[in-house]
Structures are given as structure tokens and as C-alpha cells.
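Enquirer: So that we are looking at the same thing, I have put the structure below in C-alpha cells.
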Amino acid sequence: MKKNSGVFFLILLILIYALPLIIDYVATSLEESTGPNDYARIIDVDYKAVVLDEQGYGGDILVTEKLTYDIHAASINNPFWELWRDLPEDYVDGLKIDYDVISVKQINSDGSEIVYKESPKLYWDDSDYTSSIYGPFKWYHSEGPYNEDLADYEAVFFYVNGLYREEITFELQYIMHNASLKYSDVSELYISMYSEDTIKYLESFNGQILIPNKDMPKENNYLAHTYGTNSHTFEFTESDDINPGYHTFIFNLDSSDLKFKPYNKYLEFSLLSFNEDKHIFTDYAPNNIYSDEVYLEEAKQAIEKYDNLPKEYKNKKIIFLTITSLISIFVLYSTINKDKKIKKKYNFYKPQMEMQYFRDIPSDLDPYFAATLAFCKKNKKVDVGDSYSAIMLNLIRKGYIELTKILDYKNWTPDNININILYVPTLINNQYTINPQNPYQNIKVDQMIIEEKYNKNGKKLEDLSENEKNYFNLIVKYAYNNTVTMKNFQENVAKNYDSTNSFVRTVDLSIVNIGIDKKYFQTAQYKYVKDKYNSTGTMYIIVALIILIIGNLIIYNTRFDLAFGSLFILGLVLIISAVILKRNSNNYVLLTQLGSDEQIKWYALYNFLNSNTLMKEKTVIELPLWEKYLVYATAFGISEKVIKALEINCPDMANSPILSNRYYCSTNFRHNGHSFRSATNTARSISHSSRFGSSFYGGGGRGGGGGGGGH
């Protein structure tokens, strides 16, 4: 229990501390388009924009950028031949924002320049990179609108001379059209400098917006504003001296300023001019579709609304945190309260004594039922293949069958094993039985009558459980002259699906039948409550993982960010509630008092066989008990534990036909049970397809049951 608690709290710590970092990493990784050793990133920008308000250039700005690229080609044999700078086009109030590229220069580290020439086309072919017409030291402006099929990329490409790993700087100059818009009562200069992928790796951004003194609004007649970064806006200063003849807005951003989330990936600047200076820098700007309408108040309200977004979303995050916290409290309270309600509704008997180990065999139970009873309050699942192996081993131990090699010099393989019948029972064929606990009616079975007799070797026969009778009867059914090879037996089981279906259904129902007949269970649906709340716990875990991973990834891309960890709280509470439900559900098995007392004994026997205590046992254990240990350990799926203990603590094991036969004590024997289970599964799948997928099954007066119609 301490170990499980430690693992649980470790998972909680990982979810609390590591998951936010994982989500941050995943969200960033999802946006990555290149690997760590194959990229060309813009890392430094020196941006200068000059407002133009003169004949032929009204509403335009002249932009000069110095761009530094960090280039890491994956291979020196496959360097970068082209770089680019996005120039995204758009329509605002009916006017198109597009660009005319004027010049491109490469600025070398020694200060010298290489002036690039315009290429007559966009090219990608390797042969073009060294072409005298298209080759390196050229640029090409791929105008929009963006259409990859038409090779319109809204970008300017710089064709370079095969760069492997270095930093290189370019000077790009272009005119941006319709950056200044005029309205009836205001003019607006709106510049989107960088956005989206172009800013992801910026380490510095130095910008200047220059307005000629003659076009600069007077104080109190303008409002300047910046947009973007995690700070929502960024600082700027103003100067009339840094660029003589111009009023300059200046901003210098370093890596600590250039932090972005999906909802603020832009660097933008706006300037509103109004009152008597309402058209001071838009005298020559073209009219847009709203030029005759008032816009000043709407523009100011938009700025105010933008500035209030952090506060607005802080309040929304607080509300969201409050709601998720209330839901979390309700979920946790209802989970804790469920235990009280369930215990009022049902009777759950506690064992009259607690025990960790039990050294004796509690009773002569069917191995399959014994394993089911032992684990009914645990999360360990009974392996049907192991149960089949244990049933066969018990038939061997009781003297009804034996396994022998066909050829002594070969290994114990299915085609080299004979199943020999040591006792031939009296069979009554073609009988029908109806069990009130059995949802399947009129199941055809072969009953056998076994009186107190001895087998061919003179061994007195013990009684068989119902499962052992049915298994033994199946062997007899396919035996010829009281023998059948293991391979042929399993092949017959796989082929004769009617008989196999009857056998499997009977075995499945035996758990309930034995439990009810021997007063171990209160009801046939003895695990209904446990399974119901165990499933609820599983559902909680699934919902929690969806909330913790998908939910957080979704809101991370909005202004909610991680909402003060709201979804982490809800997800963790759901996981805690799931753990409580699953832990408590193990006690929700509808056993009788007898069943509860026997269950703890069988589980204590499992603990004893599964621990090292049996290895260190000093008390002399008689051979019959060792044999039973091996049978039930096989049903529990831990036969190797008993086998190891046998080798140490059972020197007279040679006197036992079972314990002395290495095959019965091997994992290969258990594999036979798994092969038998596979054979029954094959038969059942054939039966299903025959009944519902073809017209083979049916007829004989059964009526309306087939005809090949499928489901």
C-alpha cells in the first residue's frame, strides 16, 4: 500500500509541476516547421519607416529593414540557397495594402555591401541557383494574393550563394501602400511591422517611425499606441532630434521583451491624428469606403477595449477558476459521499479475521472459481488460460488422465503429447439442463456419472468439480481408444464450435453457479456494484486526461492562458476521485459472510505462494499439499514461485508423479492452457460468423435464424 501511495503522489507531482511545461513545449513544438539543425531564422531587426504624404505616394510609408538571419543547414552538402521576408497583403476599408520592393543588399561583416539584382522569376530548381540569369545575389518579390499553386507567396526572396551555418545581414527597402487611412474626423497610421512566424525567434527589434515635421500633428492632437508581445503593449519614446526634420517614435526591444503567445504574436504601431490636424499626414492619401464617415470615437474605443483586455480576461479567468473549483468540490464531495450511500444500500460483509498468509488449502474448490474468489476484491484479473491449465493439472492430480510423450527423445510439444484417459465414466448423451441462473436456455450437455471408483492404476478417484467434469468429458469426447494427442484435442475444440460453445458457456456460468450454490455470493450479479463504480473511476480518469491535456492545450492558445491552473485543479480532483472510487470499489463485492471469510483465506494463500515465505518454509510440507499448491498456483498464474520452492524444500518430490514430471512444473504446461483458450476463441468466432455471416448454420426446423443476412 505504501508503494502504491508513493507512485500516486509521484504522479500528482508530475501533473502539477511538469504538465504545464509539457503543454508549453507541445504547443510550441506544434508550430515548429523545421528541425533544430535545418532552419533559417530572423533573429535581429532594425526597422525604420518614413511616412510619405506627397503626390503619388499619399498614404504610403517607405520602410528600410536590416535583417539578421541565423542559418543552420542540416548538411554542408545541402545548404540554404534562398531566404525570404514575408510581406503579407490585405484589404482595409476597401484599400489594398501591398508592397513595392526597391532594393536588397547583403551587408558583410566588414561593412561592405553586395547589391542584389532583381530576378525575372521565382525559381526553386537547383540548376537555377548558379545560373548567370537567375543565380545567387538576386531577389524576387512574389506578390499576392497568397496562392501556393500559382507560386504567389506574398514574400521577397533573397537568392544566396549556398549558406551552411552563419549569421548574415540584409538591408531590404520597400514601399508599403495605404498604411495611412483618412476618415471624416481622423486619420490613422497603422503599421503591422512583424507578426506570426516572422517573430518567433527574434532576439532584438529596434524600430523607428519617422513623420516629417510638416506632417506631424501638434501635441494633444494625436494618440500613439503599440500592440503585441506578452506585455500587451511595448514602450516607445519620441524625439525631434534623432532624425533632423522628422518627429520619431522609437522602440528598442530585447529578448526579454520579445515574448509571445498564440494570441499576441504581432508587433504593431498606430497613430491617430484629430482636431485641426485630422488630415495632416493624409492630404494625398486616397479615399477609402469610409472616408466620409466619423471614426475617431470608434477608434479610441477600440484602443480602450484593447487596453482593457488583460483586466477583462483576468476577471474571466477568476470566474472560470471559481466555477471549476466549485465543480471540483462537488465532484470530490459526491465521491466521498457515494461510499456512505452504497454501504446503506447494500450489505458488504467483512471477514471475521484479517490475515496476510494462509498456509493450508481453504477447501477443495474448483481452481477457476478459487482464483476468481481470491481476486474478486482486487484489480488482478483471472487469466482463463491459467485456469484451464489448473483444471487439467487437477485432473492429472486426481488420476483421471495422464500426459505422456509419444516419442521419448522429443520435447513436450502438442504433437508429441498423448492425453491418456485413466478412467472411463458412464456417459448419458443428449441430455438437457436448465439453470435458473443461466441466461442461455436448453444448453445441450453430455452428463457423466462418476461413482466411487478407482482408475486403471488403482488410484482412488476424488470427486470432480463441474468444470473438471466438463473438461474431462470434452477430452473423452475426442479420444479414440481412450487417448488423443494434445494437438488433435485442441484442433477438435477449435473446429467443433457447437460443443465448444456449450463448454465455454458452462465454464463461464460456473462462477455464478458455484458461488450461489455454495452460498459464497449474495446474488448472481455479485460484482455489479464494483464494476459500476470501477467504470465510473475509469471514466473520471479519461475525462481528467482530456481536460488536463486537450483542454489546457485549447485554452493555452487563447487569452485564458492556463486560467490560473483551473483545469489542472479539476483534472487532479477527477483523478483523486477516480482513485477513491477504484479503491473503494474493491470492497463493493456482494459476498456472503462465508464468502468474505473464504475470500480472505484464498487471497492469503495467494500471498503465501507468491511471497518468498514458501521458499524459506521450515515446516515439512507433505507431497499431497505440494501438489495442491502447484494446482492453485497455476490457477493464480504464479506456478513458477511454487516450482522454485519445490526445488529447495521438497527433496522427496520424486515420489510424486506430478511433481517429479518436469513438464507439469514448466511454463510450457501453462502455455497449453493458453493454447486451449485460443482454440475455444477460434471456435466461438467461427460460430459467430457462421450464425450471422452466412447461410451455413440453420435449417433443420430451427426457423428464421439465418439465410446469410448478416447482422
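A note on labels: chains of the C-alpha cells are A, B, ... as shown, every chain counts residues from 1, and ligands are counted from 1 in their shown order.
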Write out as a PyMOL selection string which residues come within 8 Å of Tyr39 of chain A when counting only C-alpha atoms, dropping same-chain ones fewer than 5 positions away.
Expert: chain A and resi 34+70-74
Enquirer: Out of segment 64-270 of chain A, which residues get strand (DSSP E or B) from DSSP, as JSON, numbers by chain?
Expert: {"A": [64, 65, 66, 67, 68, 69, 70, 71, 72, 75, 78, 80, 81, 82, 83, 84, 85, 86, 90, 91, 92, 95, 96, 97, 99, 100, 101, 102, 103, 104, 105, 106, 107, 113, 114, 115, 117, 118, 138, 139, 140, 141, 142, 147, 152, 155, 156, 157, 158, 159, 160, 161, 162, 163, 165, 166, 167, 168, 169, 170, 171, 172, 173, 174, 175, 176, 180, 181, 182, 187, 188, 189, 190, 191, 192, 193, 194, 195, 204, 205, 206, 207, 208, 209, 210, 211, 212, 222, 223, 224, 225, 226, 227, 228, 237, 238, 239, 246, 247, 248, 249, 250, 251, 252, 253, 254, 266, 267, 268, 269, 270]}
Enquirer: Find, counting only C-alpha atoms, the residue in A:Gln352, A:Asn230, A:Ser195, A:Asn287 that gets nearest to Asn178 of chain A.
Expert: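 Comparing A:Gln352, A:Asn230, A:Ser195, A:Asn287 against Asn178 of chain A, the winner is A:Asn287.
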Enquirer: Mind running segment 583-681 of chain A against segment 388-403 of chain A at 8 Å and telling me each contacting residue's nearest atom pair with the distance in Å (one decimal), counting only C-alpha atoms, chain and number ascending, as a Markdown table?
Expert:
| residue | atom | partner | partner_atom | distance |
| --- | --- | --- | --- | --- |
| A:Glu627 | CA | A:Arg397 | CA | 7.3 |
| A:Val631 | CA | A:Ala390 | CA | 5.2 |
| A:Tyr632 | CA | A:Ala390 | CA | 6.7 |
| A:Thr634 | CA | A:Ala390 | CA | 5.4 |
| A:Ala635 | CA | A:Ala390 | CA | 5.1 |
| A:Ile658 | CA | A:Arg397 | CA | 6.7 |
| A:Tyr664 | CA | A:Leu393 | CA | 7.5 |
| A:Phe669 | CA | A:Ser389 | CA | 7.1 |
| A:Arg670 | CA | A:Ser389 | CA | 5.4 |
| A:His671 | CA | A:Ser389 | CA | 7.9 |
| A:Asn672 | CA | A:Ser389 | CA | 6.7 |
| A:Gly673 | CA | A:Ser389 | CA | 4.3 |
| A:His674 | CA | A:Tyr388 | CA | 7.6 |
| A:Phe676 | CA | A:Tyr388 | CA | 7.5 |
| A:Arg677 | CA | A:Tyr388 | CA | 7.5 |
Enquirer: Would you mind listing what lies within 10 Å of Leu87 of chain A as a PyMOL selection string, with only C-alpha atoms counted and same-chain residues fewer than 5 positions away left out?
Expert: chain A and resi 97-101+141-144+153-156+174+176+193-194
Enquirer: Show which residues sit within 12 Å of Val504 of chain A, as an MDAnalysis selection string. Count only C-alpha atoms, and ignore same-chain residues fewer than 3 positions away.
Expert: chainID A and resid 384 388 440 443 445 467 470:471 474 493:494 497:501 507:511 676:684
Enquirer: Keeping only N, CA and C atoms, write those residues as a short mmCIF file (atom, residue, chain, number, x, y, z; two decimals), in the first residue's frame.
Expert:
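Below you can see part_17.cif, which holds the result:
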data_model
loop_
_atom_site.label_atom_id
_atom_site.label_comp_id
_atom_site.auth_asym_id
_atom_site.auth_seq_id
_atom_site.Cartn_x
_atom_site.Cartn_y
_atom_site.Cartn_z
N VAL A 384 -7.96 -16.85 -17.91
CA VAL A 384 -8.70 -18.08 -18.19
C VAL A 384 -7.76 -19.18 -18.67
N TYR A 388 -7.59 -22.94 -17.17
CA TYR A 388 -7.69 -24.18 -17.93
C TYR A 388 -6.50 -25.10 -17.62
N TYR A 440 -28.77 -18.57 -20.84
CA TYR A 440 -28.91 -19.42 -22.01
C TYR A 440 -29.78 -20.63 -21.63
N ILE A 443 -29.34 -25.74 -22.81
CA ILE A 443 -27.98 -26.00 -23.27
C ILE A 443 -27.75 -27.51 -23.30
N VAL A 445 -25.80 -30.77 -23.09
CA VAL A 445 -24.58 -31.18 -22.40
C VAL A 445 -24.47 -32.71 -22.43
N ASN A 467 -16.57 -27.88 -13.51
CA ASN A 467 -15.65 -27.52 -14.59
C ASN A 467 -14.73 -28.68 -14.95
N ASN A 470 -16.72 -31.21 -16.95
CA ASN A 470 -16.93 -30.78 -18.34
C ASN A 470 -15.64 -30.87 -19.15
N TYR A 471 -14.53 -30.49 -18.53
CA TYR A 471 -13.24 -30.57 -19.23
C TYR A 471 -12.89 -32.03 -19.53
N LEU A 474 -14.97 -33.40 -22.27
CA LEU A 474 -14.54 -32.92 -23.58
C LEU A 474 -13.38 -33.77 -24.09
N VAL A 493 -11.38 -29.05 -30.62
CA VAL A 493 -12.05 -28.00 -29.85
C VAL A 493 -12.28 -26.77 -30.73
N ALA A 494 -11.28 -26.41 -31.55
CA ALA A 494 -11.39 -25.24 -32.41
C ALA A 494 -12.42 -25.45 -33.52
N TYR A 497 -17.52 -26.13 -33.02
CA TYR A 497 -17.86 -24.93 -32.26
C TYR A 497 -19.13 -25.07 -31.43
N ASP A 498 -20.09 -25.93 -31.85
CA ASP A 498 -21.30 -26.10 -31.03
C ASP A 498 -20.95 -26.67 -29.66
N SER A 499 -20.18 -27.73 -29.68
CA SER A 499 -19.78 -28.38 -28.43
C SER A 499 -18.90 -27.45 -27.60
N THR A 500 -17.98 -26.76 -28.29
CA THR A 500 -17.07 -25.85 -27.57
C THR A 500 -17.84 -24.68 -26.97
N ASN A 501 -18.80 -24.13 -27.72
CA ASN A 501 -19.62 -23.04 -27.18
C ASN A 501 -20.34 -23.47 -25.93
N VAL A 507 -18.62 -23.15 -18.43
CA VAL A 507 -17.50 -22.72 -17.59
C VAL A 507 -17.71 -21.29 -17.11
N ASP A 508 -18.16 -20.41 -18.03
CA ASP A 508 -18.40 -19.02 -17.65
C ASP A 508 -19.46 -18.93 -16.55
N LEU A 509 -20.52 -19.74 -16.70
CA LEU A 509 -21.62 -19.70 -15.72
C LEU A 509 -21.26 -20.40 -14.41
N SER A 510 -20.19 -21.21 -14.45
CA SER A 510 -19.84 -21.97 -13.25
C SER A 510 -19.48 -21.05 -12.09
N ILE A 511 -18.91 -19.91 -12.40
CA ILE A 511 -18.50 -18.99 -11.32
C ILE A 511 -19.73 -18.58 -10.51
N PHE A 676 -5.33 -23.84 -25.41
CA PHE A 676 -6.70 -24.33 -25.33
C PHE A 676 -7.68 -23.16 -25.36
N ARG A 677 -7.36 -22.09 -24.62
CA ARG A 677 -8.22 -20.90 -24.64
C ARG A 677 -8.31 -20.33 -26.05
N SER A 678 -7.18 -20.27 -26.77
CA SER A 678 -7.18 -19.77 -28.14
C SER A 678 -8.06 -20.64 -29.04
N ALA A 679 -8.01 -21.95 -28.80
CA ALA A 679 -8.84 -22.86 -29.59
C ALA A 679 -10.32 -22.59 -29.35
N THR A 680 -10.70 -22.35 -28.09
CA THR A 680 -12.11 -22.05 -27.80
C THR A 680 -12.51 -20.71 -28.42
N ASN A 681 -11.61 -19.75 -28.39
CA ASN A 681 -11.91 -18.45 -29.02
C ASN A 681 -12.11 -18.60 -30.52
N THR A 682 -11.26 -19.45 -31.14
CA THR A 682 -11.41 -19.70 -32.57
C THR A 682 -12.78 -20.31 -32.87
N ALA A 683 -13.16 -21.29 -32.07
CA ALA A 683 -14.45 -21.95 -32.27
C ALA A 683 -15.60 -20.95 -32.12
N ARG A 684 -15.52 -20.11 -31.14
CA ARG A 684 -16.60 -19.15 -30.89
C ARG A 684 -16.68 -18.12 -32.01
#
Enquirer: Tell me, in Å to one decimal, how far atom CA of Asn488 of chain A is from atom CA of Pro414 of chain A.
Expert: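 Atom-to-atom, atom CA of Asn488 of chain A and atom CA of Pro414 of chain A are spaced 8.4 Å apart.
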Enquirer: Tell me, in Å to one decimal, how far atom CA of Asp277 of chain A is from atom CA of Ser187 of chain A.
Expert: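 Spanning atom CA of Asp277 of chain A to atom CA of Ser187 of chain A is a straight-line distance of 8.6 Å.
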Enquirer: Please compute the atom CA of Asp254 of chain A-atom CA of Glu203 of chain A distance, one decimal, in Å.
Expert: 5.8 Å
Enquirer: Find the residues near Thr237 of chain A: any atom within 10 Å, counting only C-alpha atoms, skip ones fewer than 5 places away on the same chain, and give them as a list in words.
Expert: Gln208, Thr248, Phe249, Ile250, Phe251 and Asn252 of chain A
Enquirer: Can you tell me, as a ChimeraX atom specification, what residues are no more than 12 Å from Leu625 of chain A when counting only C-alpha atoms, ignoring any on the same chain fewer than 2 positions away?
Expert: /A:359-364,397,620-623,627-633,642,646,650,653,656,658-659
Enquirer: Could those residues be written to a file, using C-alpha atoms, as a PDB file, in the first residue's frame?
Expert:
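Result saved to part-v2.pdb:
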ATOM      1  CA  ARG A 359      -0.610 -21.999   4.504  1.00  0.00           C
ATOM      2  CA  ASP A 360      -3.384 -24.569   4.097  1.00  0.00           C
ATOM      3  CA  ILE A 361      -5.793 -25.152   1.233  1.00  0.00           C
ATOM      4  CA  PRO A 362      -9.027 -23.498   2.471  1.00  0.00           C
ATOM      5  CA  SER A 363     -11.280 -26.047   0.696  1.00  0.00           C
ATOM      6  CA  ASP A 364     -11.394 -28.346  -2.313  1.00  0.00           C
ATOM      7  CA  ARG A 397      -3.516 -34.988  -9.850  1.00  0.00           C
ATOM      8  CA  VAL A 620       7.709 -30.176   6.437  1.00  0.00           C
ATOM      9  CA  ILE A 621       5.029 -29.979   3.763  1.00  0.00           C
ATOM     10  CA  GLU A 622       3.561 -33.285   2.626  1.00  0.00           C
ATOM     11  CA  LEU A 623       3.545 -34.190  -1.049  1.00  0.00           C
ATOM     12  CA  GLU A 627       0.599 -30.960  -5.420  1.00  0.00           C
ATOM     13  CA  LYS A 628      -2.396 -28.816  -4.470  1.00  0.00           C
ATOM     14  CA  TYR A 629      -0.095 -25.813  -4.092  1.00  0.00           C
ATOM     15  CA  LEU A 630       1.022 -26.337  -7.691  1.00  0.00           C
ATOM     16  CA  VAL A 631      -2.588 -26.647  -8.939  1.00  0.00           C
ATOM     17  CA  TYR A 632      -3.810 -23.450  -7.301  1.00  0.00           C
ATOM     18  CA  ALA A 633      -0.601 -21.548  -8.008  1.00  0.00           C
ATOM     19  CA  VAL A 642       5.976 -22.946  -6.238  1.00  0.00           C
ATOM     20  CA  LEU A 646       9.850 -27.223  -4.651  1.00  0.00           C
ATOM     21  CA  CYS A 650      10.853 -30.781  -1.350  1.00  0.00           C
ATOM     22  CA  MET A 653       9.356 -34.743  -4.925  1.00  0.00           C
ATOM     23  CA  SER A 656       5.032 -37.635  -6.751  1.00  0.00           C
ATOM     24  CA  ILE A 658       3.115 -34.733 -10.833  1.00  0.00           C
ATOM     25  CA  LEU A 659       5.966 -33.001  -9.018  1.00  0.00           C
TER      26      LEU A 659
END
Enquirer: For segment 265-269 of chain A, work out the shell of residues within 8 Å, counting only C-alpha atoms and skipping chain neighbours fewer than 3 positions away, then give it as a list in words.
Expert: Leu189, Tyr190, Ile191, Ser192, Met193, Tyr194, Ser195, Glu196, Ile199, Ala224, His225, Thr226, Tyr227, Gly228, Thr229, Phe260, Lys261 and Pro262 of chain A
Enquirer: So which one's closest to Gly56 of chain A, A:Pro351, A:Pro651, A:Pro286, A:Pro310? Using only C-alpha atoms, please.
Expert: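 Of all the options, A:Pro286 lies closest to Gly56 of chain A.
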